[in-house]
>>> print(open('start.cif').read())   # mmCIF, C-alpha atoms and all ligand atoms
data_coords
loop_
_atom_site.label_atom_id
_atom_site.label_comp_id
_atom_site.auth_asym_id
_atom_site.auth_seq_id
_atom_site.Cartn_x
_atom_site.Cartn_y
_atom_site.Cartn_z
CA MET A 1 -26.53 5.06 -23.57
CA GLN A 2 -27.31 7.56 -26.29
CA VAL A 3 -25.66 10.32 -24.21
CA LEU A 4 -22.54 8.19 -23.76
CA ALA A 5 -22.48 7.36 -27.48
CA ASP A 6 -22.63 11.13 -28.25
CA ASN A 7 -19.93 11.94 -25.69
CA LEU A 8 -17.62 9.25 -27.05
CA LYS A 9 -17.71 10.93 -30.46
CA HIS A 10 -15.97 13.96 -28.94
CA TYR A 11 -13.83 12.14 -26.43
CA ARG A 12 -10.10 12.38 -27.02
CA PRO A 13 -8.48 9.34 -25.52
CA PRO A 14 -4.97 9.36 -24.10
CA VAL A 15 -2.15 9.20 -26.63
CA LEU A 16 -0.18 6.02 -26.24
CA SER A 17 3.26 5.15 -27.53
CA PRO A 18 3.68 2.48 -30.22
CA ALA A 19 3.54 -1.11 -28.93
CA LYS A 20 7.23 -1.75 -29.58
CA SER A 21 8.50 0.27 -26.64
CA GLN A 22 6.67 -1.90 -24.01
CA ALA A 23 6.51 1.01 -21.57
CA VAL A 24 3.25 2.97 -21.72
CA TRP A 25 3.59 6.62 -22.29
CA TYR A 26 0.66 8.92 -22.41
CA SER A 27 0.12 12.64 -22.41
CA PRO A 28 -2.23 13.66 -19.63
CA TRP A 29 -2.82 17.10 -21.25
CA THR A 30 -4.57 15.47 -24.22
CA ILE A 31 -7.24 13.85 -22.02
CA LYS A 32 -10.53 15.65 -21.94
CA GLU A 33 -12.87 14.67 -19.14
CA THR A 34 -13.49 10.94 -19.35
CA PRO A 35 -17.20 10.17 -19.76
CA LYS A 36 -18.72 7.86 -17.18
CA GLY A 37 -19.23 4.33 -18.41
CA ILE A 38 -22.34 2.22 -17.87
CA TYR A 39 -22.75 -0.87 -15.75
CA LEU A 40 -25.99 -2.56 -16.72
CA TYR A 41 -27.29 -5.31 -14.48
CA GLY A 42 -30.46 -7.35 -14.27
CA ASP A 43 -32.08 -10.73 -14.59
CA VAL A 44 -31.38 -13.31 -17.27
CA GLY A 45 -32.85 -12.61 -20.68
CA SER A 46 -33.81 -9.02 -19.84
CA GLY A 47 -31.94 -7.60 -22.85
CA LYS A 48 -28.62 -6.39 -21.39
CA THR A 49 -26.39 -7.91 -24.07
CA MET A 50 -28.78 -6.81 -26.80
CA LEU A 51 -28.66 -3.21 -25.53
CA MET A 52 -24.89 -3.23 -25.25
CA ASP A 53 -24.55 -4.50 -28.80
CA LEU A 54 -27.01 -1.89 -30.11
CA PHE A 55 -24.96 0.77 -28.34
CA LEU A 56 -21.77 -0.58 -29.91
CA ASP A 57 -23.36 -0.59 -33.35
CA VAL A 58 -24.08 3.11 -32.90
CA VAL A 59 -20.61 3.91 -31.55
CA SER A 60 -18.59 1.90 -34.04
CA GLY A 61 -20.85 2.39 -37.05
CA GLY A 62 -21.58 -1.34 -37.39
CA LYS A 63 -17.88 -2.32 -37.47
CA LYS A 64 -16.54 -5.07 -35.21
CA HIS A 65 -15.25 -3.60 -31.98
CA LYS A 66 -12.09 -5.38 -30.79
CA ASN A 67 -12.57 -4.41 -27.16
CA ARG A 68 -16.05 -6.00 -26.96
CA VAL A 69 -15.45 -9.29 -25.20
CA HIS A 70 -16.96 -11.73 -22.83
CA PHE A 71 -15.54 -10.83 -19.44
CA ASN A 72 -14.34 -14.38 -18.61
CA ALA A 73 -12.54 -14.58 -21.93
CA PHE A 74 -10.91 -11.21 -21.30
CA MET A 75 -9.64 -12.22 -17.85
CA LEU A 76 -8.40 -15.58 -19.07
CA ASP A 77 -6.55 -13.89 -21.88
CA PHE A 78 -5.18 -11.21 -19.55
CA HIS A 79 -3.80 -13.80 -17.08
CA ASN A 80 -2.19 -15.65 -20.00
CA LYS A 81 -0.60 -12.45 -21.30
CA ILE A 82 0.82 -11.60 -17.87
CA HIS A 83 2.26 -15.10 -17.75
CA LEU A 84 3.84 -14.70 -21.21
CA TRP A 85 5.11 -11.21 -20.41
CA ARG A 86 6.91 -12.62 -17.37
CA GLN A 87 8.75 -15.18 -19.50
CA ASN A 88 10.80 -12.31 -20.81
CA PRO A 89 13.95 -12.18 -18.59
CA ALA A 90 14.06 -8.37 -18.69
CA ALA A 91 10.41 -8.16 -17.62
CA LYS A 92 10.91 -10.52 -14.67
CA LYS A 93 12.70 -7.85 -12.68
CA LEU A 94 9.90 -5.36 -13.20
CA GLY A 95 7.05 -7.19 -11.40
CA GLN A 96 3.32 -7.47 -12.04
CA ASP A 97 2.51 -3.74 -12.04
CA SER A 98 4.72 -3.21 -15.08
CA ALA A 99 3.07 -6.13 -16.86
CA VAL A 100 -0.38 -4.67 -16.17
CA ASP A 101 0.83 -1.24 -17.27
CA ALA A 102 2.21 -2.53 -20.57
CA LEU A 103 -0.83 -4.68 -21.32
CA VAL A 104 -3.24 -1.87 -20.51
CA GLY A 105 -1.38 0.22 -23.06
CA ASP A 106 -2.02 -2.42 -25.72
CA ILE A 107 -5.71 -2.59 -24.85
CA LEU A 108 -6.22 1.17 -24.97
CA ARG A 109 -4.39 1.47 -28.26
CA GLU A 110 -7.32 -0.47 -29.76
CA SER A 111 -9.92 1.80 -28.19
CA PRO A 112 -10.54 3.55 -24.87
CA LEU A 113 -14.01 1.99 -24.85
CA LEU A 114 -14.11 -1.45 -23.22
CA CYS A 115 -17.30 -3.45 -23.50
CA PHE A 116 -17.51 -6.49 -21.26
CA ASP A 117 -20.40 -8.89 -21.44
CA GLU A 118 -21.25 -10.76 -18.26
CA PHE A 119 -19.06 -9.08 -15.75
CA GLN A 120 -18.67 -11.51 -12.87
CA VAL A 121 -16.00 -12.28 -10.32
CA THR A 122 -15.86 -15.89 -9.26
CA ASN A 123 -12.26 -16.55 -8.28
CA ILE A 124 -9.63 -14.99 -6.11
CA ALA A 125 -7.10 -14.62 -8.95
CA ASP A 126 -9.49 -12.28 -10.82
CA ALA A 127 -10.63 -10.53 -7.65
CA MET A 128 -7.06 -9.64 -6.68
CA LEU A 129 -6.07 -8.50 -10.17
CA LEU A 130 -9.15 -6.39 -10.93
CA GLY A 131 -8.36 -3.47 -8.60
CA ARG A 132 -4.88 -2.96 -10.05
CA LEU A 133 -6.02 -3.50 -13.60
CA PHE A 134 -8.97 -1.10 -13.51
CA ASN A 135 -7.15 1.59 -11.53
CA ASN A 136 -4.64 1.54 -14.33
CA LEU A 137 -7.30 1.54 -17.07
CA TRP A 138 -9.36 4.32 -15.51
CA SER A 139 -6.32 6.47 -14.75
CA LYS A 140 -5.56 6.37 -18.49
CA GLY A 141 -9.05 7.33 -19.51
CA ALA A 142 -10.72 3.98 -20.27
CA VAL A 143 -14.52 3.94 -20.46
CA LEU A 144 -16.19 0.75 -19.27
CA VAL A 145 -19.55 -0.49 -20.50
CA ALA A 146 -20.48 -3.78 -18.87
CA THR A 147 -23.42 -6.11 -18.44
CA SER A 148 -23.83 -8.30 -15.39
CA ASN A 149 -26.38 -10.38 -13.56
CA ARG A 150 -25.52 -8.70 -10.30
CA PRO A 151 -25.39 -5.21 -8.79
CA PRO A 152 -21.85 -4.02 -7.98
CA ASP A 153 -22.30 -4.55 -4.23
CA ASP A 154 -22.97 -8.22 -4.84
CA LEU A 155 -19.86 -8.86 -6.94
CA TYR A 156 -17.61 -11.52 -5.47
CA ARG A 157 -19.98 -11.79 -2.47
CA GLY A 158 -18.74 -14.47 -0.07
CA GLY A 159 -15.37 -14.63 -1.88
CA ILE A 160 -12.04 -15.19 -0.10
CA GLN A 161 -10.35 -11.92 1.01
CA ARG A 162 -13.34 -9.94 -0.20
CA GLU A 163 -12.28 -6.90 1.86
CA SER A 164 -9.37 -6.37 -0.55
CA PHE A 165 -11.88 -6.34 -3.40
CA LEU A 166 -14.21 -3.68 -1.91
CA PRO A 167 -12.21 -0.63 -3.12
CA PHE A 168 -12.75 -1.87 -6.68
CA ILE A 169 -16.53 -1.79 -6.16
CA GLU A 170 -16.34 1.83 -5.00
CA LYS A 171 -14.22 2.77 -8.03
CA LEU A 172 -16.67 1.00 -10.30
CA LYS A 173 -19.51 3.08 -8.85
CA THR A 174 -17.52 6.28 -9.34
CA ASN A 175 -16.52 5.54 -12.91
CA CYS A 176 -19.80 4.12 -14.19
CA ILE A 177 -23.48 4.92 -14.12
CA ILE A 178 -25.02 1.87 -12.47
CA HIS A 179 -28.32 0.95 -14.04
CA CYS A 180 -30.67 -1.92 -13.22
CA LEU A 181 -32.47 -3.20 -16.31
CA ASP A 182 -35.60 -4.03 -14.42
CA SER A 183 -37.56 -6.41 -16.54
CA THR A 184 -39.80 -9.18 -15.37
CA ILE A 185 -39.72 -10.72 -18.83
CA ASP A 186 -37.20 -13.31 -19.99
CA TYR A 187 -37.41 -12.43 -23.68
CA ARG A 188 -35.73 -15.70 -24.57
CA LEU A 189 -38.83 -17.61 -23.56
CA LEU A 190 -40.90 -15.71 -26.14
CA ASN A 191 -38.87 -16.96 -29.09
CA GLU A 192 -40.38 -19.33 -31.64
CA LYS A 193 -38.72 -22.74 -31.11
CA ILE A 194 -37.62 -25.46 -33.50
CA ARG A 195 -38.85 -28.81 -32.18
CA ASP A 196 -36.59 -31.60 -30.92
CA ILE A 197 -33.32 -29.67 -31.11
CA TYR A 198 -33.33 -30.14 -27.35
CA TYR A 199 -34.75 -33.64 -27.12
CA HIS A 200 -36.02 -35.42 -24.02
CA GLY A 201 -38.21 -38.12 -25.48
CA PRO A 202 -37.81 -41.88 -26.02
CA LYS A 203 -34.92 -43.41 -27.98
CA PRO A 204 -32.61 -40.40 -27.69
CA LYS A 205 -29.62 -42.06 -29.38
CA GLU A 206 -31.67 -42.95 -32.45
CA HIS A 207 -33.03 -39.41 -32.57
CA LEU A 208 -29.54 -37.87 -32.53
CA ASP A 209 -28.27 -40.47 -35.03
CA ARG A 210 -31.01 -39.33 -37.41
CA ILE A 211 -30.00 -35.68 -37.00
CA TRP A 212 -26.33 -36.56 -37.58
CA ASP A 213 -27.33 -38.37 -40.79
CA GLN A 214 -29.43 -35.41 -41.95
CA LEU A 215 -26.64 -32.91 -41.29
CA THR A 216 -23.82 -34.99 -42.79
CA GLU A 217 -25.73 -36.77 -45.56
CA CYS A 218 -25.03 -40.05 -43.76
CA ARG A 219 -21.22 -39.67 -43.53
CA GLU A 220 -19.35 -41.61 -40.86
CA GLY A 221 -17.24 -38.87 -39.29
CA GLU A 222 -13.88 -39.40 -37.59
CA PRO A 223 -12.09 -38.44 -34.36
CA LEU A 224 -10.31 -35.10 -34.06
CA VAL A 225 -7.53 -34.28 -31.63
CA LEU A 226 -7.64 -30.67 -30.40
CA GLN A 227 -4.51 -29.17 -28.88
CA LEU A 228 -5.24 -27.25 -25.69
CA LEU A 229 -2.60 -25.42 -23.71
CA GLY A 230 -0.07 -28.24 -23.83
CA ARG A 231 -2.68 -31.01 -23.60
CA SER A 232 -4.88 -32.68 -26.12
CA LEU A 233 -8.57 -33.48 -26.19
CA THR A 234 -10.04 -36.05 -28.53
CA ILE A 235 -13.44 -35.34 -30.00
CA PRO A 236 -14.77 -38.83 -30.75
CA VAL A 237 -16.55 -37.96 -34.00
CA HIS A 238 -16.58 -34.92 -36.21
CA PHE A 239 -17.41 -34.03 -39.77
CA ARG A 240 -16.89 -30.59 -41.34
CA GLY A 241 -17.44 -28.43 -38.29
CA LEU A 242 -20.01 -30.73 -36.72
CA ALA A 243 -18.95 -32.62 -33.59
CA ARG A 244 -20.63 -35.32 -31.55
CA CYS A 245 -19.79 -36.00 -27.89
CA SER A 246 -21.55 -37.24 -24.82
CA PHE A 247 -22.17 -35.21 -21.67
CA GLU A 248 -19.82 -37.56 -19.80
CA GLU A 249 -17.03 -37.02 -22.31
CA LEU A 250 -17.14 -33.25 -21.88
CA CYS A 251 -18.46 -32.59 -18.39
CA ASN A 252 -17.08 -35.49 -16.42
CA GLN A 253 -13.46 -34.76 -17.38
CA PRO A 254 -11.10 -32.16 -15.94
CA LEU A 255 -11.90 -29.57 -18.63
CA GLY A 256 -12.29 -25.84 -18.11
CA PRO A 257 -13.27 -22.60 -19.90
CA ALA A 258 -10.22 -22.56 -22.21
CA ASP A 259 -10.98 -26.11 -23.39
CA PHE A 260 -14.65 -25.38 -24.01
CA ARG A 261 -13.75 -22.17 -25.84
CA ILE A 262 -11.55 -24.10 -28.30
CA ILE A 263 -14.41 -26.53 -28.90
CA ALA A 264 -16.79 -23.61 -29.43
CA GLU A 265 -14.39 -21.92 -31.85
CA THR A 266 -13.70 -25.11 -33.79
CA PHE A 267 -17.23 -26.44 -34.35
CA HIS A 268 -20.29 -24.61 -35.62
CA THR A 269 -22.58 -27.39 -34.32
CA LEU A 270 -22.33 -29.78 -31.39
CA ILE A 271 -24.48 -32.86 -30.99
CA LEU A 272 -24.42 -33.67 -27.29
CA ASP A 273 -25.75 -37.01 -26.02
CA ASP A 274 -27.29 -37.72 -22.65
CA ILE A 275 -27.46 -34.60 -20.52
CA PRO A 276 -28.49 -36.03 -17.14
CA LYS A 277 -30.51 -34.50 -14.35
CA LEU A 278 -27.86 -32.97 -12.08
CA GLY A 279 -29.90 -32.73 -8.90
CA PRO A 280 -31.26 -32.97 -6.32
CA GLY A 281 -28.28 -32.67 -4.01
CA VAL A 282 -24.80 -31.56 -4.89
CA THR A 283 -23.19 -34.88 -5.74
CA ARG A 284 -22.74 -33.81 -9.38
CA ALA A 285 -21.63 -30.28 -8.56
CA ASN A 286 -18.49 -30.37 -10.70
CA GLU A 287 -20.39 -31.67 -13.71
CA ALA A 288 -23.00 -28.96 -13.17
CA ARG A 289 -20.27 -26.28 -13.11
CA ARG A 290 -18.62 -27.64 -16.24
CA PHE A 291 -21.93 -27.85 -18.02
CA ILE A 292 -22.57 -24.17 -17.21
CA THR A 293 -19.18 -23.23 -18.62
CA LEU A 294 -19.73 -25.37 -21.71
CA ILE A 295 -23.13 -23.82 -22.48
CA ASP A 296 -21.85 -20.28 -21.85
CA GLU A 297 -18.97 -20.83 -24.27
CA LEU A 298 -21.18 -22.44 -26.92
CA TYR A 299 -23.72 -19.63 -26.59
CA ASN A 300 -21.12 -16.88 -26.78
CA GLN A 301 -19.71 -18.33 -30.01
CA LYS A 302 -23.23 -18.98 -31.36
CA VAL A 303 -22.53 -22.70 -31.69
CA LYS A 304 -25.68 -24.66 -32.54
CA LEU A 305 -26.49 -27.27 -29.94
CA VAL A 306 -28.50 -30.38 -30.70
CA CYS A 307 -28.85 -32.55 -27.62
CA SER A 308 -30.68 -35.28 -25.80
CA ALA A 309 -31.48 -34.84 -22.12
CA ALA A 310 -33.15 -36.65 -19.27
CA CYS A 311 -35.53 -33.76 -18.61
CA PRO A 312 -36.52 -30.25 -19.74
CA PRO A 313 -33.89 -27.50 -19.13
CA GLU A 314 -35.69 -26.26 -15.99
CA ASP A 315 -35.18 -29.61 -14.26
CA ILE A 316 -31.48 -30.19 -15.00
CA PHE A 317 -30.04 -28.28 -12.05
CA PRO A 318 -30.60 -28.91 -8.34
CA ARG A 319 -33.57 -26.89 -7.10
CA GLU A 320 -33.98 -28.13 -3.57
CA VAL A 321 -35.51 -25.62 -1.26
CA ASP A 322 -34.37 -25.46 2.33
CA GLU A 323 -36.58 -24.55 5.27
CA LYS A 324 -35.87 -20.82 4.77
CA GLY A 325 -37.25 -21.06 1.25
CA LYS A 326 -33.85 -20.53 -0.36
CA ASN A 327 -32.60 -22.48 -3.34
CA GLU A 328 -30.15 -25.34 -3.00
CA VAL A 329 -28.00 -24.05 -0.16
CA SER A 330 -24.76 -25.78 -1.04
CA PHE A 331 -24.39 -23.78 -4.24
CA GLY A 332 -23.27 -20.16 -4.05
CA ASP A 333 -25.48 -17.28 -5.29
CA GLU A 334 -23.21 -16.94 -8.31
CA GLU A 335 -23.95 -20.53 -9.31
CA ILE A 336 -27.68 -20.23 -8.80
CA PHE A 337 -27.62 -17.20 -11.13
CA ALA A 338 -25.62 -19.30 -13.57
CA PHE A 339 -28.19 -22.13 -13.46
CA ASN A 340 -30.92 -19.66 -14.40
CA ARG A 341 -28.78 -18.17 -17.14
CA VAL A 342 -28.05 -21.57 -18.67
CA VAL A 343 -31.71 -22.62 -18.57
CA SER A 344 -32.66 -19.36 -20.29
CA ARG A 345 -29.93 -19.89 -22.90
CA LEU A 346 -30.90 -23.49 -23.55
CA HIS A 347 -34.31 -22.12 -24.50
CA GLU A 348 -32.89 -19.46 -26.78
CA MET A 349 -30.57 -22.00 -28.43
CA GLN A 350 -33.66 -23.83 -29.71
CA SER A 351 -35.04 -20.68 -31.35
CA LYS A 352 -35.19 -20.10 -35.08
CA ALA A 353 -33.34 -16.78 -34.66
CA TYR A 354 -30.45 -18.40 -32.78
CA LEU A 355 -30.20 -21.30 -35.22
CA GLU A 356 -29.98 -18.82 -38.08
CA SER A 357 -27.28 -16.73 -36.37
CA LYS A 358 -23.70 -16.92 -37.60
CA HIS A 359 -21.04 -18.95 -35.79
CA VAL A 360 -18.49 -16.59 -34.25
CA LEU A 361 -15.12 -17.72 -35.53
CA LYS A 362 -11.81 -17.17 -33.77
CA MET A 363 -10.36 -13.76 -34.56
N1 LIG B 401 -36.93 -5.68 -25.35
C1 LIG B 401 -36.82 -6.80 -26.07
N2 LIG B 401 -37.73 -7.10 -27.04
C2 LIG B 401 -37.61 -8.23 -27.76
N3 LIG B 401 -36.62 -9.15 -27.63
C3 LIG B 401 -35.71 -8.90 -26.70
C4 LIG B 401 -35.75 -7.72 -25.87
N4 LIG B 401 -34.70 -7.78 -25.02
C5 LIG B 401 -34.05 -8.92 -25.33
N5 LIG B 401 -34.64 -9.57 -26.33
C6 LIG B 401 -34.19 -10.85 -26.91
O1 LIG B 401 -34.11 -11.79 -25.83
C7 LIG B 401 -32.93 -12.59 -25.93
C8 LIG B 401 -32.08 -12.40 -24.68
O2 LIG B 401 -31.57 -11.06 -24.62
P1 LIG B 401 -30.13 -10.77 -24.06
O3 LIG B 401 -29.18 -11.81 -24.54
O4 LIG B 401 -29.80 -9.35 -24.35
O5 LIG B 401 -30.39 -10.98 -22.49
P2 LIG B 401 -29.40 -10.73 -21.28
O6 LIG B 401 -30.07 -9.78 -20.35
O7 LIG B 401 -28.06 -10.37 -21.78
O8 LIG B 401 -29.38 -12.17 -20.59
P3 LIG B 401 -28.19 -12.91 -19.79
O9 LIG B 401 -28.19 -12.36 -18.39
O10 LIG B 401 -28.58 -14.35 -19.78
O11 LIG B 401 -26.91 -12.69 -20.52
C9 LIG B 401 -32.23 -12.16 -27.22
O12 LIG B 401 -32.61 -13.07 -28.23
C10 LIG B 401 -32.77 -10.77 -27.48
O13 LIG B 401 -32.77 -10.48 -28.85
MG MG B 402 -26.22 -11.31 -21.72
#
>>> encode(input="start.cif", output="structure tokens")
Amino acid sequence: MQVLADNLKHYRPPVLSPAKSQAVWYSPWTIKETPKGIYLYGDVGSGKTMLMDLFLDVVSGGKKHKNRVHFNAFMLDFHNKIHLWRQNPAAKKLGQDSAVDALVGDILRESPLLCFDEFQVTNIADAMLLGRLFNNLWSKGAVLVATSNRPPDDLYRGGIQRESFLPFIEKLKTNCIIHCLDSTIDYRLLNEKIRDIYYHGPKPKEHLDRIWDQLTECREGEPLVLQLLGRSLTIPVHFRGLARCSFEELCNQPLGPADFRIIAETFHTLILDDIPKLGPGVTRANEARRFITLIDELYNQKVKLVCSAACPPEDIFPREVDEKGKNEVSFGDEEIFAFNRVVSRLHEMQSKAYLESKHVLKM
């Protein structure tokens, strides 16, 4: 990482035209050899994100780096931008390649260094777009630094039309140094914890009522309607950046990453009632998936979570073992990784350090 940080100091990125012209123009003769990026993978809590952020601090001298994003957020945003770009009647005739080309230009104008936290491919829309998008980025001299829970060869494993995705994996290996952060320690578990932030004792409602009263100085709170991509979501009670909802209200409704992101950007603290045990079996699979997305979004925005649950974090998700000794077979590998990640995060979210961290507000 230090070598890459040094190389980036001398790296002359492609010259791009101003945003107004839509078309991307760049001068190949200004590109010096593009340094290889880094793809860092390993188990939950092994320090990948921490290392990437240390690296970015060195590279950007402590300033906020606009191209450091959570990978899901980046893809969601990219799909939305393609959609918007296509609304333009002139653009319609040009097709998706032109949209990707123009948008890549905008990204690289910020910086040729792209830092993606939690690189993962879980749906066909992303899988099919990634090859085109990254071929374009790499051909224009982008440098990718990414963290992931999986080695490149395991990305999108078992996904529909995976053969079309394989060339991307090869390109990724060519353009990045692939490094496994081999650590048997989940550093999150070593953190000093604040008691009863994650509560699974008797009288959970009364416990959370008390915390609400402490945080609001006994104010009542009122509902808030959030506008989400043409729909609205009512948060039953909120008071100055603090929201209170039940698990059912958030995870048993047709909500997705964009909805949870708006919640995470709007509130610095969420009091969440009644997280149930989601296993054994897969009958609550959709709730389990939504809960993963919710926790990932809250964690990424450093939202403080105070909650009541039916059991400790380790027991929330299905952990049945089949006769071959594998985990719950009806969930994909990607989801089993995600269960472990969420459990690890739920531990960190009770730590003093996390509770003292600053809420990431919308840029
Ligand atoms: N070597 C280390 N020494 C001390 N603390 C560490 C170390 N590595 C990580 N940590 C701490 O452990 C916690 C988890 O680290 P981090 O978020 O970087 O893990 P991660 O590998 O990105 O996990 P995930 O796969 O869940 O995203 C953080 O609070 C971080 O500060
Ligand atoms: Mg991480």
>>> residues_near_ligand(input="start.cif", ligand="ligand LIG 401 (chain B)", cutoff="7 Å", atoms="only C-alpha atoms and all ligand atoms", output="list in words")
Gly42, Asp43, Val44, Gly45, Ser46, Gly47, Lys48, Thr49, Met50, Leu51, Glu118, Ser148, Asn149, Asp186, Tyr187, Arg188, Arg341, Ser344, Arg345 and Glu348 of chain A
>>> residues_around(input="start.cif", residues="Glu110 (chain A)", least_positions_apart="2", cutoff="8 Å", atoms="all atoms listed in the file", output="list in words")
Lys66, Asn67, Asp106, Ile107, Leu108 and Pro112 of chain A
>>> residues_around(input="start.cif", residues="region 150-163 of chain A", least_positions_apart="2", cutoff="10 Å", atoms="all atoms listed in the file", output="PyMOL selection string")
chain A and resi 39-43+118-124+126-128+147-148+165-170+172-173+178-180+332-334+337
>>> residues_around(input="start.cif", residues="Lys203 (chain A)", least_positions_apart="3", cutoff="12 Å", atoms="all atoms listed in the file", output="PyMOL selection string")
chain A and resi 199-200+206-210+273-274+308-310
>>> closest_residue(input="start.cif", among="A:Glu220, A:Glu265, A:Asp97, A:Asp296", to="ligand MG 402 (chain B)", atoms="all atoms listed in the file")
A:Asp296
>>> closest_residue(input="start.cif", among="A:Cys307, A:Ile316, A:Val360, A:Ala90", to="Arg195 (chain A)", atoms="all atoms listed in the file")
A:Cys307
>>> atom_distance(input="start.cif", atom1="CA of Val3 (chain A)", atom2="CA of Lys36 (chain A)")
10.2 Å
>>> residues_around(input="start.cif", residues="region 289-294 of chain A", least_positions_apart="6", cutoff="7 Å", atoms="all atoms listed in the file", output="count of residues only")
6
>>> residues_around(input="start.cif", residues="Ile211 (chain A)", least_positions_apart="6", cutoff="10 Å", atoms="all atoms listed in the file", output="list of chain:residue names")
A:Asp196, A:Ile197, A:Lys205, A:Glu217, A:Cys218, A:Ile271, A:Val306, A:Cys307
>>> closest_residue(input="start.cif", among="A:Asp117, A:Asn286, A:Leu103, A:Lys140", to="ligand MG 402 (chain B)", atoms="all atoms listed in the file")
A:Asp117
